[in-house]
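The next block is structure.cif, given as mmCIF, C-alpha atoms.
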```cif
data_upload
loop_
_atom_site.label_atom_id
_atom_site.label_comp_id
_atom_site.auth_asym_id
_atom_site.auth_seq_id
_atom_site.Cartn_x
_atom_site.Cartn_y
_atom_site.Cartn_z
CA MET A 1 -15.08 6.82 8.67
CA LEU A 2 -14.29 6.23 5.02
CA THR A 3 -10.73 7.18 4.04
CA LEU A 4 -9.40 7.53 0.50
CA TYR A 5 -5.64 7.13 0.11
CA SER A 6 -4.31 8.54 -3.13
CA TYR A 7 -1.53 10.61 -4.67
CA PRO A 8 -1.31 14.36 -3.98
CA GLU A 9 -2.91 17.10 -6.03
CA LEU A 10 -1.28 19.07 -8.83
CA PHE A 11 -2.35 22.03 -11.00
CA GLY A 12 -5.60 22.43 -9.05
CA VAL A 13 -6.64 18.81 -9.58
CA ALA A 14 -7.38 16.82 -6.42
CA ASP A 15 -5.17 13.88 -7.44
CA ASN A 16 -2.48 13.85 -10.11
CA ASN A 17 -3.25 10.19 -10.85
CA PRO A 18 -6.37 9.56 -12.96
CA PHE A 19 -7.48 6.51 -11.00
CA GLY A 20 -7.36 8.31 -7.68
CA LEU A 21 -9.15 11.32 -9.15
CA LYS A 22 -11.79 8.97 -10.54
CA VAL A 23 -12.58 7.68 -7.05
CA TYR A 24 -12.42 11.17 -5.53
CA ALA A 25 -14.88 12.46 -8.14
CA PHE A 26 -17.19 9.50 -7.55
CA LEU A 27 -17.24 10.18 -3.81
CA ARG A 28 -17.99 13.86 -4.37
CA LEU A 29 -20.80 13.07 -6.81
CA THR A 30 -22.45 10.65 -4.39
CA GLY A 31 -22.06 12.87 -1.33
CA LEU A 32 -20.43 10.21 0.83
CA PRO A 33 -18.36 11.89 3.57
CA PHE A 34 -14.73 10.83 3.54
CA ILE A 35 -11.23 11.77 4.57
CA HIS A 36 -8.72 12.21 1.77
CA GLN A 37 -5.22 11.17 2.73
CA HIS A 38 -2.61 12.18 0.16
CA ILE A 39 0.39 9.85 0.17
CA PHE A 40 3.34 9.16 -2.10
CA ASP A 41 4.37 5.74 -0.83
CA SER A 42 2.17 2.97 -2.25
CA ARG A 43 4.05 0.03 -0.72
CA GLN A 44 1.39 -0.58 1.95
CA ALA A 45 -1.48 -0.39 -0.55
CA PRO A 46 -3.24 -3.49 -1.91
CA HIS A 47 -1.22 -4.73 -4.89
CA GLY A 48 1.25 -1.90 -4.15
CA GLN A 49 -0.93 0.56 -6.08
CA LEU A 50 -2.92 3.69 -5.30
CA PRO A 51 -5.71 4.53 -4.79
CA TYR A 52 -7.21 2.43 -2.06
CA ILE A 53 -9.83 2.97 0.61
CA ASP A 54 -10.34 2.00 4.23
CA ASP A 55 -14.10 1.72 4.68
CA ASP A 56 -14.44 1.21 8.43
CA GLY A 57 -11.78 -1.48 8.38
CA ILE A 58 -12.54 -2.92 4.94
CA ILE A 59 -9.54 -2.29 2.68
CA VAL A 60 -10.24 -2.15 -1.05
CA GLY A 61 -7.81 -1.36 -3.86
CA ASP A 62 -8.30 -0.79 -7.61
CA SER A 63 -10.50 2.14 -8.63
CA SER A 64 -13.23 0.10 -10.31
CA ALA A 65 -13.37 -2.37 -7.42
CA ILE A 66 -13.57 0.54 -4.99
CA ILE A 67 -16.55 2.05 -6.80
CA ALA A 68 -18.32 -1.32 -7.02
CA HIS A 69 -17.73 -1.85 -3.29
CA LEU A 70 -19.05 1.59 -2.37
CA ILE A 71 -22.18 1.23 -4.49
CA ASP A 72 -22.96 -2.12 -2.89
CA ARG A 73 -22.03 -1.37 0.73
CA HIS A 74 -23.62 2.07 0.90
CA ALA A 75 -26.61 1.38 -1.40
CA LEU A 76 -25.65 4.24 -3.71
CA THR A 77 -28.14 5.02 -6.46
CA ILE A 78 -25.88 6.95 -8.86
CA ASP A 79 -26.18 4.28 -11.60
CA ASP A 80 -29.68 3.01 -10.84
CA GLY A 81 -31.21 4.63 -13.91
CA LEU A 82 -28.88 2.92 -16.36
CA SER A 83 -29.99 0.06 -18.59
CA ALA A 84 -28.07 -3.19 -18.86
CA GLN A 85 -26.68 -1.98 -22.19
CA GLN A 86 -25.50 1.27 -20.61
CA HIS A 87 -23.79 -0.60 -17.77
CA THR A 88 -21.96 -2.64 -20.41
CA GLN A 89 -21.01 0.49 -22.33
CA GLY A 90 -19.65 2.05 -19.14
CA PHE A 91 -17.56 -1.07 -18.52
CA CYS A 92 -16.07 -0.81 -22.02
CA VAL A 93 -15.31 2.90 -21.60
CA ASN A 94 -13.44 2.13 -18.38
CA ARG A 95 -11.30 -0.36 -20.28
CA VAL A 96 -10.50 2.28 -22.92
CA LEU A 97 -9.47 4.63 -20.12
CA ASP A 98 -7.25 1.91 -18.65
CA ASP A 99 -5.42 1.87 -21.98
CA LEU A 100 -5.24 5.68 -22.12
CA TYR A 101 -3.45 5.64 -18.76
CA TRP A 102 -0.27 4.29 -20.32
CA ALA A 103 0.02 7.03 -22.96
CA MET A 104 -0.73 9.68 -20.35
CA SER A 105 1.84 8.31 -17.95
CA TYR A 106 4.37 7.97 -20.79
CA SER A 107 3.96 11.69 -21.55
CA ARG A 108 4.93 12.61 -18.00
CA TRP A 109 7.71 10.22 -17.14
CA LYS A 110 9.15 8.81 -20.36
CA ASP A 111 9.13 11.57 -22.98
CA ASP A 112 12.20 13.78 -22.52
CA ARG A 113 10.32 16.76 -23.97
CA TYR A 114 7.74 16.85 -21.16
CA TRP A 115 9.43 15.11 -18.24
CA PRO A 116 11.31 18.23 -16.98
CA ALA A 117 8.10 20.28 -16.74
CA PHE A 118 6.27 17.49 -14.89
CA ARG A 119 9.21 16.85 -12.54
CA ASP A 120 9.61 20.53 -11.73
CA ALA A 121 5.87 20.96 -11.10
CA ILE A 122 5.88 18.12 -8.57
CA LEU A 123 9.01 19.45 -6.85
CA HIS A 124 7.54 22.96 -6.65
CA ALA A 125 4.12 21.85 -5.39
CA HIS A 126 5.48 19.27 -2.93
CA PRO A 127 8.78 20.42 -1.40
CA ASN A 128 9.04 17.21 0.64
CA VAL A 129 9.69 15.31 -2.58
CA THR A 130 13.30 15.30 -3.74
CA ALA A 131 14.77 15.31 -7.23
CA ALA A 132 16.46 11.99 -6.41
CA GLU A 133 13.10 10.45 -5.53
CA MET A 134 11.63 11.68 -8.79
CA ASP A 135 14.53 10.19 -10.73
CA ALA A 136 14.07 6.88 -8.92
CA ALA A 137 10.34 6.90 -9.70
CA ARG A 138 11.13 7.63 -13.34
CA ALA A 139 13.49 4.67 -13.53
CA TYR A 140 10.83 2.45 -11.96
CA ASN A 141 8.26 3.64 -14.50
CA PHE A 142 10.65 2.91 -17.36
CA GLU A 143 10.62 -0.72 -16.23
CA ARG A 144 6.82 -0.75 -16.03
CA TYR A 145 6.56 0.67 -19.54
CA ARG A 146 8.99 -1.88 -20.92
CA TYR A 147 7.06 -4.81 -19.45
CA GLN A 148 3.68 -3.36 -20.46
CA GLY A 149 4.99 -2.70 -23.97
CA ILE A 150 4.50 1.03 -24.47
CA GLY A 151 8.08 1.68 -23.36
CA ARG A 152 9.23 0.01 -26.58
CA TYR A 153 7.27 2.48 -28.73
CA ALA A 154 8.58 5.64 -30.33
CA PRO A 155 6.79 8.69 -28.90
CA GLU A 156 4.56 9.18 -31.94
CA GLU A 157 3.47 5.53 -31.71
CA ALA A 158 2.68 5.85 -28.00
CA TYR A 159 0.63 8.99 -28.54
CA ARG A 160 -1.19 7.52 -31.52
CA ARG A 161 -2.54 4.87 -29.20
CA GLY A 162 -3.59 7.41 -26.58
CA LEU A 163 -5.17 9.67 -29.19
CA ASP A 164 -7.22 6.75 -30.50
CA ASP A 165 -8.53 6.22 -26.96
CA LEU A 166 -9.43 9.90 -26.61
CA ARG A 167 -11.17 9.93 -30.00
CA ALA A 168 -13.31 7.00 -28.95
CA ILE A 169 -14.36 8.77 -25.74
CA ALA A 170 -14.98 12.07 -27.53
CA GLY A 171 -17.05 10.34 -30.21
CA MET A 172 -19.28 8.58 -27.68
CA LEU A 173 -19.64 11.66 -25.51
CA ASP A 174 -20.30 14.01 -28.44
CA THR A 175 -21.97 17.17 -27.06
CA LYS A 176 -24.07 15.58 -24.30
CA PRO A 177 -23.76 17.31 -20.90
CA PHE A 178 -22.77 13.97 -19.35
CA PHE A 179 -22.07 10.59 -20.83
CA PHE A 180 -25.59 9.20 -20.49
CA GLY A 181 -27.48 12.49 -20.64
CA ALA A 182 -28.33 15.29 -18.23
CA THR A 183 -27.16 13.64 -14.99
CA PRO A 184 -23.66 12.41 -14.16
CA THR A 185 -23.11 8.74 -13.34
CA SER A 186 -20.06 6.80 -12.26
CA ILE A 187 -18.63 6.71 -15.79
CA ASP A 188 -18.48 10.51 -15.77
CA ALA A 189 -16.23 10.31 -12.70
CA SER A 190 -13.98 7.94 -14.64
CA ILE A 191 -13.77 10.19 -17.70
CA TYR A 192 -13.14 13.26 -15.56
CA GLY A 193 -10.31 11.50 -13.71
CA PHE A 194 -8.41 11.16 -16.98
CA VAL A 195 -9.41 14.24 -18.96
CA ALA A 196 -8.83 16.63 -16.03
CA ASN A 197 -5.35 15.17 -15.63
CA ILE A 198 -4.68 16.20 -19.23
CA LEU A 199 -6.68 19.41 -19.71
CA PHE A 200 -5.67 21.23 -16.52
CA TYR A 201 -1.97 20.42 -16.87
CA PRO A 202 -0.19 23.32 -18.62
CA ILE A 203 2.12 20.85 -20.36
CA ASP A 204 1.36 20.82 -24.07
CA THR A 205 1.57 17.14 -24.92
CA PRO A 206 -0.17 15.76 -28.03
CA LEU A 207 -2.86 14.38 -25.71
CA ARG A 208 -3.61 17.83 -24.30
CA ALA A 209 -3.63 19.39 -27.77
CA TYR A 210 -6.32 16.93 -28.81
CA VAL A 211 -8.45 17.45 -25.69
CA VAL A 212 -8.32 21.22 -26.11
CA SER A 213 -9.55 20.80 -29.71
CA GLN A 214 -12.67 18.89 -28.60
CA PRO A 215 -15.42 21.16 -27.22
CA GLY A 216 -17.39 18.19 -25.90
CA LEU A 217 -14.49 16.88 -23.82
CA VAL A 218 -13.68 20.37 -22.51
CA GLN A 219 -17.30 21.11 -21.63
CA HIS A 220 -17.69 17.77 -19.85
CA CYS A 221 -14.48 18.21 -17.91
CA GLN A 222 -15.33 21.75 -16.81
CA ALA A 223 -18.84 20.75 -15.77
CA MET A 224 -17.50 17.84 -13.73
CA HIS A 225 -14.74 19.99 -12.24
CA GLY A 226 -17.35 22.46 -11.01
CA ARG A 227 -19.28 19.68 -9.29
CA VAL A 228 -16.25 17.88 -7.91
CA MET A 229 -14.20 20.88 -6.75
CA GLY A 230 -17.09 23.27 -6.05
CA ALA A 231 -17.99 24.95 -2.79
CA ASP A 232 -18.21 22.82 0.33
CA ASP A 233 -21.77 21.55 0.73
CA GLY A 234 -21.20 19.59 3.91
CA THR A 235 -20.27 16.36 2.13
CA SER A 236 -16.84 17.29 0.83
CA ALA A 237 -13.66 15.53 1.73
CA GLN A 238 -11.74 16.33 4.85
CA ARG A 239 -8.22 16.69 3.54
CA ALA A 240 -4.99 15.57 5.12
CA ILE A 241 -1.45 14.99 3.92
CA ALA A 242 0.52 11.91 4.88
CA VAL A 243 3.97 11.48 3.47
CA SER A 244 6.04 8.34 3.93
#
```

Represent the structure of the file as structure tokens.
Amino acid sequence: MLTLYSYPELFGVADNNPFGLKVYAFLRLTGLPFIHQHIFDSRQAPHGQLPYIDDDGIIVGDSSAIIAHLIDRHALTIDDGLSAQQHTQGFCVNRVLDDLYWAMSYSRWKDDRYWPAFRDAILHAHPNVTAAEMDAARAYNFERYRYQGIGRYAPEEAYRRGLDDLRAIAGMLDTKPFFFGATPTSIDASIYGFVANILFYPIDTPLRAYVVSQPGLVQHCQAMHGRVMGADDGTSAQRAIAVS
């Protein structure tokens, strides 16, 4: 059985990390049956990062590598209609989203204006998590931000970078139902993983203010959310919670 290991849900979103939600959305779009194990401790994961999957004993980490593995191993056809140029465009969009991650994460853990609301939401939704653990995670993230570089930015500089990423996505998406037309592909799972983790969070960061102002992004996110979190059709995830 295929098992997805990723962070727990928050604010009605199946994973409060965009990379885990990206994989979750991909699995739901393709109809592959899977078990969803929510965990907080990533130390046993490949590269010490979530998400990862156990596909009948094959362990794969990194969201893009996971999706590539699943398409190949299970002969998934979700991207079969794309041209070579569209595959390349999807690759580039994923790289823009990788950059957006840092501004999004910064807004939750680094910015003193929004950190208390995020911390309190996690503590309320997951009583097994302690305030001390959240403070320790925040300190760890501060180090990550410093080494990556965004931790050395003033808030307005950090958000400017994230807003540029969102503008690029919004401009390419425009008002299309899905990124490449009427049918969702794997890149729509990627975009949803990030935009849902901004739009559905009632924390009014500059990133959320921009998303709310873009009808195309909102429409895309809501359409994907309906498909990903809709009624059980027999292929949905079996959910479990595992806390280390």

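Of the residues under consideration (A:Arg160, A:His124, A:Lys110, A:His225), A:Lys110 shows the shortest atom-to-atom contact distance to A:Glu143 when counting only C-alpha atoms.
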
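Near A:Pro46, within a cut-off of 8 Å and counting all atoms listed in the file, sit the residues Tyr52, Ile59, Val60 and Gly61 of chain A, with same-chain residues fewer than 6 positions away left out.
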
Practice task
For stretch 207-210 of chain A, work out the shell of residues within 9 Å, counting all atoms listed in the file and skipping chain neighbours fewer than 3 positions away, then give it as a count of residues only.
Solution key: 18

Take every atom of stretch 27-31 of chain A listed in the file, fit an axis-aligned box around them, add 3 Å per side, and give the centre and edge lengths in Å to one decimal as JSON.
```
{"center_x": -19.8, "center_y": 12.0, "center_z": -4.1, "size_x": 11.2, "size_y": 9.7, "size_z": 11.5}
```

Exercise for the section: Name the closest residue to A:Tyr153 among the candidates A:Leu27, A:Trp102, A:Gly90, A:Ile187; distances are taken between atoms, counting only C-alpha atoms. Expected result: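 Among the listed residues, the smallest separation from A:Tyr153 belongs to A:Trp102.
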
If you apply the PyMOL selection byres ((chain A and resi 93) around 9) to this file, what residues do you get, as an mmCIF file with C-alpha atoms, in the coordinates of the input?
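Output (result_22.cif):
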```
data_model
loop_
_atom_site.group_PDB
_atom_site.id
_atom_site.type_symbol
_atom_site.label_atom_id
_atom_site.label_comp_id
_atom_site.auth_asym_id
_atom_site.auth_seq_id
_atom_site.Cartn_x
_atom_site.Cartn_y
_atom_site.Cartn_z
ATOM 1 C CA THR A 88 -21.960 -2.640 -20.410
ATOM 2 C CA GLN A 89 -21.010 0.490 -22.330
ATOM 3 C CA GLY A 90 -19.650 2.050 -19.140
ATOM 4 C CA PHE A 91 -17.560 -1.070 -18.520
ATOM 5 C CA CYS A 92 -16.070 -0.810 -22.020
ATOM 6 C CA ASN A 94 -13.440 2.130 -18.380
ATOM 7 C CA ARG A 95 -11.300 -0.360 -20.280
ATOM 8 C CA VAL A 96 -10.500 2.280 -22.920
ATOM 9 C CA LEU A 97 -9.470 4.630 -20.120
ATOM 10 C CA ASP A 98 -7.250 1.910 -18.650
ATOM 11 C CA ALA A 168 -13.310 7.000 -28.950
ATOM 12 C CA ILE A 169 -14.360 8.770 -25.740
ATOM 13 C CA ILE A 187 -18.630 6.710 -15.790
ATOM 14 C CA SER A 190 -13.980 7.940 -14.640
ATOM 15 C CA ILE A 191 -13.770 10.190 -17.700
#
```
